[in-house]
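Report on the following structure.
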Amino acid sequence: MPQALLESSAALGRRSGAASSALAASYLARPDAERLLVVGTGPLALELVEAHTAVRTIRHVLVWGRDLQKANRLAARFHRPKFRIEATGDLEGAVRGADIVACATTARESLIRGDWLRPGQHLDLLGGVTQEMREADDGCIRRSRVFVDCRDRTPVEAGDIAQPLASGLLTADDIAGDLFDLSRGERAGRRFYDQITLFKSVGTALADLCAAQMAVEMVLHNDSIR
């Protein structure tokens, strides 16, 4: 029997931020990461800020978007946060200065360049969910230890992985692991301090189910308290 009816966009946003970004970053981002760059100003951008600040002690957040006014409005939604947040129009400078770069865009051409990256960064790619879309260029793939959320789907569906695989830049064996491997402790995440890590996600139905189950459990728990 149906147990609940969830509004899909709200559930998707929170699930994506929690499973695809925060959980992966807890294994892959440096423990001392303090500077976060969010690339994109769409519905998932807010979730990316919430996700990464939940698993790392972020002190400074920058938001970049093609429309600077939208980036400013997004930054203004945080009132008295534990971190400083502001918009920026300088994408290259923001990437170079960040510890974590989190992208949630609909870009069809790469926004993040590999020669902008510096040792120790973590790159979180949440957008680009079709084969034709890219958020990071081949240089990012070449310089990074690459992880995906699901080995079965992500290399086929996401352009950031599918295109380098098709060109021969990346092989299936070059993908260090997926979120299942990391969560089970079957593959190590960040292996050393200066390593660049990259996590690419397209989302999984299992994560949707887990998010729905947690929402139902929270409602039942609150009802029992009342």
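Simple scheme: letters A, B, ... for chains in structure tokens order, numbers from 1 for residues in each chain, numbers from 1 for ligands in the order shown.
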
May I have the residues within 9 Å of segment 197-213 of chain A as a ChimeraX atom specification, using only C-alpha atoms and disregarding those fewer than 3 positions away in the same chain? /A:4-6,11-12,14-16,19-21,24-25,28-29,120-130,140-141,143-150,153-154,157-158,160-161,178,189-190,216-218

Hey, what does DSSP flag as helix (DSSP H, G or I) within segment 10-63 of chain A? Can you give it to me as a PyMOL selection string? chain A and resi 10-28+43-55

Please report the interatomic distance between atom CA of Glu86 of chain A and atom CA of Val61 of chain A in Å with one decimal. 6.5 Å

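Of the listed residues (A:Leu179, A:Val156, A:Gly97, A:Asp173), A:Leu179 comes nearest to Ala22 of chain A; the distances count only C-alpha atoms.
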
For Leu36 of chain A: contacts at 7 Å, only C-alpha atoms, fewer than 2 positions along chain excluded, given as a short mmCIF file (atom, residue, chain, number, x, y, z; two decimals) with N, CA and C atoms, in the first residue's frame:
```cif
data_model
loop_
_atom_site.label_atom_id
_atom_site.label_comp_id
_atom_site.auth_asym_id
_atom_site.auth_seq_id
_atom_site.Cartn_x
_atom_site.Cartn_y
_atom_site.Cartn_z
N GLU A 34 37.82 24.55 3.74
CA GLU A 34 37.14 25.71 4.32
C GLU A 34 36.47 26.60 3.28
N VAL A 38 30.21 27.27 -5.33
CA VAL A 38 29.04 26.66 -5.95
C VAL A 38 28.86 27.30 -7.33
N ILE A 58 33.08 24.73 6.59
CA ILE A 58 33.23 25.74 5.55
C ILE A 58 33.13 27.13 6.18
N HIS A 60 33.92 30.05 4.08
CA HIS A 60 33.66 31.03 3.03
C HIS A 60 33.03 30.33 1.83
N VAL A 61 31.90 30.84 1.37
CA VAL A 61 31.20 30.28 0.21
C VAL A 61 31.11 31.35 -0.87
N LEU A 62 31.48 30.97 -2.08
CA LEU A 62 31.28 31.82 -3.25
C LEU A 62 30.25 31.17 -4.17
N ALA A 98 39.26 27.80 -4.36
CA ALA A 98 38.33 26.95 -3.59
C ALA A 98 38.99 25.65 -3.16
N ASP A 99 38.50 25.10 -2.04
CA ASP A 99 38.87 23.75 -1.61
C ASP A 99 37.91 22.73 -2.21
N ILE A 100 36.64 23.13 -2.33
CA ILE A 100 35.61 22.28 -2.94
C ILE A 100 34.92 23.09 -4.02
N VAL A 101 34.81 22.53 -5.21
CA VAL A 101 34.08 23.15 -6.32
C VAL A 101 32.87 22.27 -6.61
#
```

Using the chain letters and numbers from this document, which residues of chain A does DSSP assign to strand (DSSP E), as an MDAnalysis selection string? chainID A and resid 35:39 60:64 84:88 100:103 122:125 145:148 175:178 197:200

Shortest interatomic distance to Arg187 of chain A - which of A:His79, A:Gly114, A:Ile175, A:Arg59, counting only C-alpha atoms: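 Ranking A:His79, A:Gly114, A:Ile175, A:Arg59 by distance to Arg187 of chain A, first place goes to A:Ile175.
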
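Between atom CA of His52 of chain A and atom CA of Gln195 of chain A there is a distance of 18.7 Å.
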
One decimal, in Å: what's the spacing between atom CA of Arg113 of chain A and atom CA of Gly177 of chain A?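 Those two atoms sit 22.7 Å apart.
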
Which residue is closest to Tyr193 of chain A? Choose from A:Ala33, A:Ala54, A:Met1, A:Ala136 and count only C-alpha atoms. A:Ala33

Looking at A:Val39, A:Ala107, A:Ala215, A:Ile112, which one is nearest to Gly139 of chain A, with distances taken over only C-alpha atoms?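 Closest to Gly139 of chain A, using only C-alpha atoms: A:Ile112.
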
Restricting to only C-alpha atoms, whichever of A:Ser110, A:Ala45, A:Gly65, A:Leu182 is closest to Ala94 of chain A is A:Gly65

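Ranking A:Thr57, A:Asp32, A:Ala76, A:Arg96 by their shortest atom-to-atom distance to Pro119 of chain A, with only C-alpha atoms included, puts A:Arg96 first.
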